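Participant: Okay, handing you the structure first.
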Amino acid sequence: MAERLQNYINGIWCDSNATETLDVINPATNEILAQVPLSPGSEVDAAANAAAEAFKSWRRVPPNDRVQYLFKLKGLMEENLDELARTITLECGKTFGEARAEMQRAIENVEVACGVPMLMQGDVLEDIARGIDEMMIRQPVGVCAAIAPFNFPGMIPFWFLPYAIACGNTYVIKPSEKVPLTLQKVMQLIEKTGLPAGVVNLVNGAKEAVDAILDHPAIRAISFVGSSPVAKYVYSRGAANGKRMQCQGGAKNPIIILPDADLDMTTRITLDSAFGCAGQRCLAASLMVTVGKAKEPFTEAIAEGAKSRVVGFGLDEGVQMGPVINHASRERIESLVAQGVEEGAKVLIDGRSPQVSGYEQGSFVRPTLLQNVRPDSLIAQTEIFGPVLGMLNVETIEEAIALVNSGHWGNMACLFTSSGAAARKFRYEAEAGNIGINIGVAAPMAFFPFSGWKDSFFGDLHGQGRHAVEFFTQTKVVIERWFQDWSRQF
Ligand code: NAD
C-alpha cells in the first residue's frame, strides 16, 4: 500500500480527513509512488488560522533574525540537493540534471531573500516642510499563500516563499496534486531549521483547497502559477475577495531565427529549449520562426538533433529527455499534433506513440516537429506543453515581430542573430515579459522578476527579487512633527 501523504499544519505533520485521494505516479513507469489526499476546505482553514496566529509574533522577529532560518535552509537544501532532485525526477519525469538545475534556482531564491534586511528598507525625507519629516516603511502583509503547478515542484514555490517569510509574513502552500512529494521533502528541511510553528504550512489538495484559499478571510495575498484559464479564475476570485494577487499563466513561446544566426549554437539552444523537460516548461520554445534563408539550414539541423535525442527514464545515464507528466497529457499532446495536421501542418519528425525499451508503461512522447504551421491556425496559438515544435517561415524581421505580437500570450520571445541592431529592435518591440537574445530559455535569475505579459500573467508585481519584496510588503507612510520647547529641561 502506497504511503498516504500528510499535511503540515502549525508545526505538526497530520493526517488529512480527505475522503478522496489521488495516486502520485512515476510517469516513466506508471508505478504508484504515494497517495495524495485532496484536503477539504476545513484543513486550509486550520492552516490559515495557524498562520494568522503565528504572524502575531513572527512579524516582530527582526528581519536579520528571520533570515537566519533561510541561511540554515540554504545549507540543508545544498546537503540534500541530490535527494530532492531524485524525487523531482521520480514524480515529475524530468532528467536528474534538469531536476538538479531546478533546485539550484530554488536555492538562489533563498540566497536573494537573505538580503531582506536591505531589500525591505523604506525611504525617509527630512523637512518635507519646516520641522516635519516623512517616511515610508514596509510592513508584512499577513498570511500569504501559494498555489503551484506540476512542472517545477521544487523551484516554483521558492519564487515566493522565502521572500514572504523573510518579510515577516506567514505562509500556506498547496503543491500540485500531481507532484506533492518534493514539497514534502522541502518541508521536512524547513522543519529542521527550527522555524516557529505556523510560519509555513503545507496543505495537499486540488480545487477545493484552492477555493478555500481564495475565500479565506485571513489570507491577504496569493501567488499562483499554472495554466492561463485557471490563473484567470484564481486571479478574479481572489481579487473579488479583496486579496493581493499575482497569477502566472501558460505560454506559447516563439523563437525567431535570422539568417545571420550561428548555426551550431542556435541549433543546440533551440533543441534544449523545445525539448528540455519534455517541453513542459513555461519558457519552452514552441514556435520556431525562421526568416528568409534561415529556413533550410536550421530546419535540417533541428530535425537531425530532434531525431537523435535520447528519451527515457530521467535517472538513467545518458537520458536527455524524460516522459510527459501522465497518460492524459500524452493523449492531449498527440491529439493536438493530429489537429495541427488537419490544419495543414506537415509532420517532419513524428514522436507520437514511441516505444521506450524497458519503460513500456511510461508516458513518453518523442521530439516532434510540425512544419508549415499557419500563423492563424489553432495549433500556432494553443499551448501544447509537450515536446512539439511548430515551424514556420517569414520573409522579414518586421513580419516575425508582428507575428510574435499578434498572439495573446506574452511569456517569452527569443531572437537568434549576430546583428546588434536587429537584437535591439527585437528587444524594443517584442511584446513579451521575458526576452532572450541568443538565449533559448530566458528564465530570469532570482534577483530579477519573473516577468510575463498578456494572458501569461495576471497581476502587477511578479515573483522573485525586488518584485517579491514589494508584493509581500505593504507600504506605510508616516508624517511626523515634534514640538519641543528647548528652554524647558527634561
Ligand atoms: P494547472 O492550471 O492545471 O494547475 C495549477 C494549480 O491549480 C494546481 O495546484 C491545481 O491543483 C490548481 N487547479 C487546477 N485546476 C483548478 C481549478 N479548476 N480550480 C482551482 N484550482 C485548480 O497547471 P499545471 O498543469 O499544473 O501546470 C502547467 C501550466 O502551468 C502550463 O500552462 C504552464 O505554462 C504553466 N506554468 C507557467 C509558469 C509561468 O511562470 N508563467 C511557470 C510554470 C508553469
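Residues are named by chain letter and number: chains run A, B, ... in the order of the C-alpha cells, numbers start at 1 in each chain, and ligands are numbered from 1 in the order shown.
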Go through the chains and note each residue within 6 Å of ligand 1, using only C-alpha atoms and all ligand atoms, then give the set as a PDB file with N, CA, C and O atoms, in the first residue's frame.

Facilitator:
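Heads up, here's the output in selection.pdb:
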ATOM      1  N   ILE A 147      -0.113  28.669  -4.715  1.00  0.00           N
ATOM      2  CA  ILE A 147      -0.735  27.510  -5.375  1.00  0.00           C
ATOM      3  C   ILE A 147       0.179  27.180  -6.557  1.00  0.00           C
ATOM      4  O   ILE A 147       0.413  28.034  -7.417  1.00  0.00           O
ATOM      5  N   ALA A 148       0.716  25.953  -6.575  1.00  0.00           N
ATOM      6  CA  ALA A 148       1.813  25.649  -7.506  1.00  0.00           C
ATOM      7  C   ALA A 148       1.386  24.685  -8.619  1.00  0.00           C
ATOM      8  O   ALA A 148       0.463  23.897  -8.449  1.00  0.00           O
ATOM      9  N   PRO A 149       2.106  24.727  -9.758  1.00  0.00           N
ATOM     10  CA  PRO A 149       1.834  23.799 -10.866  1.00  0.00           C
ATOM     11  C   PRO A 149       2.710  22.553 -10.765  1.00  0.00           C
ATOM     12  O   PRO A 149       3.529  22.442  -9.859  1.00  0.00           O
ATOM     13  N   PHE A 150       2.566  21.631 -11.735  1.00  0.00           N
ATOM     14  CA  PHE A 150       3.302  20.365 -11.619  1.00  0.00           C
ATOM     15  C   PHE A 150       4.721  20.420 -12.164  1.00  0.00           C
ATOM     16  O   PHE A 150       5.549  19.582 -11.834  1.00  0.00           O
ATOM     17  N   ASN A 151       5.039  21.405 -13.026  1.00  0.00           N
ATOM     18  CA  ASN A 151       6.246  21.211 -13.835  1.00  0.00           C
ATOM     19  C   ASN A 151       7.556  21.592 -13.148  1.00  0.00           C
ATOM     20  O   ASN A 151       8.609  21.167 -13.593  1.00  0.00           O
ATOM     21  N   PRO A 175       0.902  22.433  -2.936  1.00  0.00           N
ATOM     22  CA  PRO A 175       1.609  21.957  -4.138  1.00  0.00           C
ATOM     23  C   PRO A 175       0.629  21.387  -5.157  1.00  0.00           C
ATOM     24  O   PRO A 175      -0.544  21.162  -4.827  1.00  0.00           O
ATOM     25  N   SER A 176       1.126  21.135  -6.354  1.00  0.00           N
ATOM     26  CA  SER A 176       0.293  20.447  -7.348  1.00  0.00           C
ATOM     27  C   SER A 176       0.018  19.035  -6.844  1.00  0.00           C
ATOM     28  O   SER A 176       0.925  18.344  -6.363  1.00  0.00           O
ATOM     29  N   GLU A 177      -1.223  18.601  -6.993  1.00  0.00           N
ATOM     30  CA  GLU A 177      -1.591  17.254  -6.543  1.00  0.00           C
ATOM     31  C   GLU A 177      -0.901  16.175  -7.390  1.00  0.00           C
ATOM     32  O   GLU A 177      -0.855  15.011  -7.008  1.00  0.00           O
ATOM     33  N   ALA A 206      -6.539  19.843  -4.203  1.00  0.00           N
ATOM     34  CA  ALA A 206      -6.799  20.304  -5.567  1.00  0.00           C
ATOM     35  C   ALA A 206      -7.801  21.463  -5.503  1.00  0.00           C
ATOM     36  O   ALA A 206      -7.646  22.371  -4.688  1.00  0.00           O
ATOM     37  N   LYS A 207      -8.840  21.412  -6.329  1.00  0.00           N
ATOM     38  CA  LYS A 207      -9.721  22.586  -6.465  1.00  0.00           C
ATOM     39  C   LYS A 207     -10.353  23.037  -5.133  1.00  0.00           C
ATOM     40  O   LYS A 207     -10.418  24.233  -4.855  1.00  0.00           O
ATOM     41  N   VAL A 210      -7.896  24.965  -3.228  1.00  0.00           N
ATOM     42  CA  VAL A 210      -7.622  26.256  -3.881  1.00  0.00           C
ATOM     43  C   VAL A 210      -8.768  27.237  -3.571  1.00  0.00           C
ATOM     44  O   VAL A 210      -8.534  28.384  -3.175  1.00  0.00           O
ATOM     45  N   VAL A 225       0.752  29.868  -9.909  1.00  0.00           N
ATOM     46  CA  VAL A 225       1.404  29.552 -11.183  1.00  0.00           C
ATOM     47  C   VAL A 225       0.707  28.317 -11.745  1.00  0.00           C
ATOM     48  O   VAL A 225       0.527  27.320 -11.035  1.00  0.00           O
ATOM     49  N   GLY A 226       0.319  28.391 -13.009  1.00  0.00           N
ATOM     50  CA  GLY A 226      -0.366  27.265 -13.643  1.00  0.00           C
ATOM     51  C   GLY A 226      -0.860  27.666 -15.009  1.00  0.00           C
ATOM     52  O   GLY A 226      -0.329  28.599 -15.625  1.00  0.00           O
ATOM     53  N   SER A 227      -1.885  26.975 -15.490  1.00  0.00           N
ATOM     54  CA  SER A 227      -2.399  27.265 -16.833  1.00  0.00           C
ATOM     55  C   SER A 227      -3.202  28.574 -16.824  1.00  0.00           C
ATOM     56  O   SER A 227      -3.728  28.986 -15.785  1.00  0.00           O
ATOM     57  N   VAL A 230      -6.972  28.689 -15.477  1.00  0.00           N
ATOM     58  CA  VAL A 230      -7.053  28.613 -14.004  1.00  0.00           C
ATOM     59  C   VAL A 230      -6.459  29.889 -13.387  1.00  0.00           C
ATOM     60  O   VAL A 230      -6.996  30.421 -12.407  1.00  0.00           O
ATOM     61  N   GLN A 248       0.589  33.673 -12.548  1.00  0.00           N
ATOM     62  CA  GLN A 248       1.336  33.397 -13.773  1.00  0.00           C
ATOM     63  C   GLN A 248       0.652  32.274 -14.532  1.00  0.00           C
ATOM     64  O   GLN A 248       0.280  31.262 -13.929  1.00  0.00           O
ATOM     65  N   GLY A 249       0.489  32.486 -15.842  1.00  0.00           N
ATOM     66  CA  GLY A 249      -0.274  31.531 -16.643  1.00  0.00           C
ATOM     67  C   GLY A 249       0.575  30.801 -17.659  1.00  0.00           C
ATOM     68  O   GLY A 249       1.796  30.712 -17.526  1.00  0.00           O
ATOM     69  N   GLY A 250      -0.068  30.304 -18.688  1.00  0.00           N
ATOM     70  CA  GLY A 250       0.575  29.480 -19.704  1.00  0.00           C
ATOM     71  C   GLY A 250       1.322  30.311 -20.736  1.00  0.00           C
ATOM     72  O   GLY A 250       1.511  31.521 -20.583  1.00  0.00           O
ATOM     73  N   ALA A 251       1.752  29.635 -21.801  1.00  0.00           N
ATOM     74  CA  ALA A 251       2.624  30.317 -22.761  1.00  0.00           C
ATOM     75  C   ALA A 251       2.614  29.611 -24.106  1.00  0.00           C
ATOM     76  O   ALA A 251       2.230  28.440 -24.219  1.00  0.00           O
ATOM     77  N   CYS A 282       7.281  26.543 -18.942  1.00  0.00           N
ATOM     78  CA  CYS A 282       6.514  27.696 -19.436  1.00  0.00           C
ATOM     79  C   CYS A 282       7.407  28.575 -20.301  1.00  0.00           C
ATOM     80  O   CYS A 282       6.929  29.480 -20.964  1.00  0.00           O
ATOM     81  N   SER A 456      -0.279  35.542 -20.192  1.00  0.00           N
ATOM     82  CA  SER A 456       0.673  34.730 -19.424  1.00  0.00           C
ATOM     83  C   SER A 456       0.835  35.251 -18.003  1.00  0.00           C
ATOM     84  O   SER A 456       1.582  34.653 -17.213  1.00  0.00           O
TER      85      SER A 456
END

Participant: From a backbone DSSP assignment, name each residue in segment 230-386 of chain A labelled helix (DSSP H, G or I), as a PyMOL selection string.

Facilitator: chain A and resi 230-240+263-279+292-307+327-342+378-381

Participant: When you look at segment 411-418 of chain A with a cut-off of 6 Å (counting only C-alpha atoms), what residues show up, excluding the ones that are within fewer than 4 positions of it in the same chain? I need them as a list in words.

Facilitator: Ala251, Asn253, Pro254, Ile255, Ile256, Ile257, Leu258, Asp260, Ala261, Ala432, Gly433, Asn434, Ile435, Gly436, Ile437, Asn438, Gly452, Trp453 and Ser456 of chain A

Participant: Determine, counting only C-alpha atoms, which protein, DNA and RNA residues have an atom within 6 Å of an atom of Tyr8 of chain A; residues of the same chain fewer than 4 positions away are not included. Present the result as a list in words.

Facilitator: Ile12, Trp13, Asn201 and Leu202 of chain A

Participant: Residues near Arg4 of chain A, anyone? I mean within 10 Å using only C-alpha atoms, not counting same-chain ones fewer than 6 positions away, as an MDAnalysis selection string.

Facilitator: chainID A and resid 15:16 21:24 33:37

Participant: Neighbouring residues of segment 458-464 of chain A were defined as those with any atom within 8 Å, considering only C-alpha atoms; residues of the same chain fewer than 4 positions away were excluded. Please report them as a PyMOL selection string.

Facilitator: chain A and resi 109+159-160+163+231-232+235+245-249+446-451+453-454+468-471

Participant: Smallest atom-to-atom distance to Gly198 of chain A: which of A:Glu98, A:Glu399, A:Ile384, A:Phe55, using only C-alpha atoms?

Facilitator: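 Nearest to Gly198 of chain A: A:Phe55.
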
Participant: Choose the residue, out of A:Arg488, A:Pro27, A:Lys476, A:Asn241, that has the smallest atom-to-atom separation from Met135 of chain A; count only C-alpha atoms.

Facilitator: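 Among the listed residues, A:Lys476 lies closest to Met135 of chain A.
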
Participant: Using only C-alpha atoms, what table do you get, as CSV, when you list each residue of segment 98-148 of chain A with an atom no more than 8 Å from segment 65-70 of chain A, its nearest pair of atoms, and their distance in Å rounded to one decimal, rows by chain then rising number?

Facilitator:
residue,atom,partner,partner_atom,distance
A:Val110,CA,A:Leu70,CA,6.3
A:Glu111,CA,A:Leu70,CA,7.8
A:Ala113,CA,A:Val67,CA,7.6
A:Cys114,CA,A:Val67,CA,5.2
A:Gly115,CA,A:Val67,CA,8.0
A:Val116,CA,A:Val67,CA,7.5

Participant: Export, as a short mmCIF file (atom, residue, chain, number, x, y, z; two decimals), in the first residue's frame, the selected residues with N, CA and C atoms.

Facilitator:
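See selection.cif below for the written result:
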data_model
loop_
_atom_site.label_atom_id
_atom_site.label_comp_id
_atom_site.auth_asym_id
_atom_site.auth_seq_id
_atom_site.Cartn_x
_atom_site.Cartn_y
_atom_site.Cartn_z
N VAL A 110 16.51 31.54 -2.22
CA VAL A 110 16.73 31.63 -0.77
C VAL A 110 17.85 32.64 -0.51
N GLU A 111 18.90 32.55 -1.32
CA GLU A 111 20.04 33.47 -1.14
C GLU A 111 19.59 34.93 -1.30
N ALA A 113 16.61 36.18 -0.95
CA ALA A 113 15.71 36.58 0.15
C ALA A 113 16.49 36.85 1.43
N CYS A 114 17.70 36.28 1.56
CA CYS A 114 18.53 36.57 2.73
C CYS A 114 18.94 38.04 2.76
N GLY A 115 18.77 38.75 1.65
CA GLY A 115 19.09 40.17 1.61
C GLY A 115 17.96 41.07 2.08
N VAL A 116 16.91 40.47 2.64
CA VAL A 116 15.75 41.26 3.03
C VAL A 116 16.04 42.42 4.01
#

Participant: Between atom CA of Phe275 of chain A and atom CA of Thr95 of chain A, what is the spacing in Å?

Facilitator: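 Computed distance, atom CA of Thr95 of chain A to atom CA of Phe275 of chain A, equals 11.5 Å.
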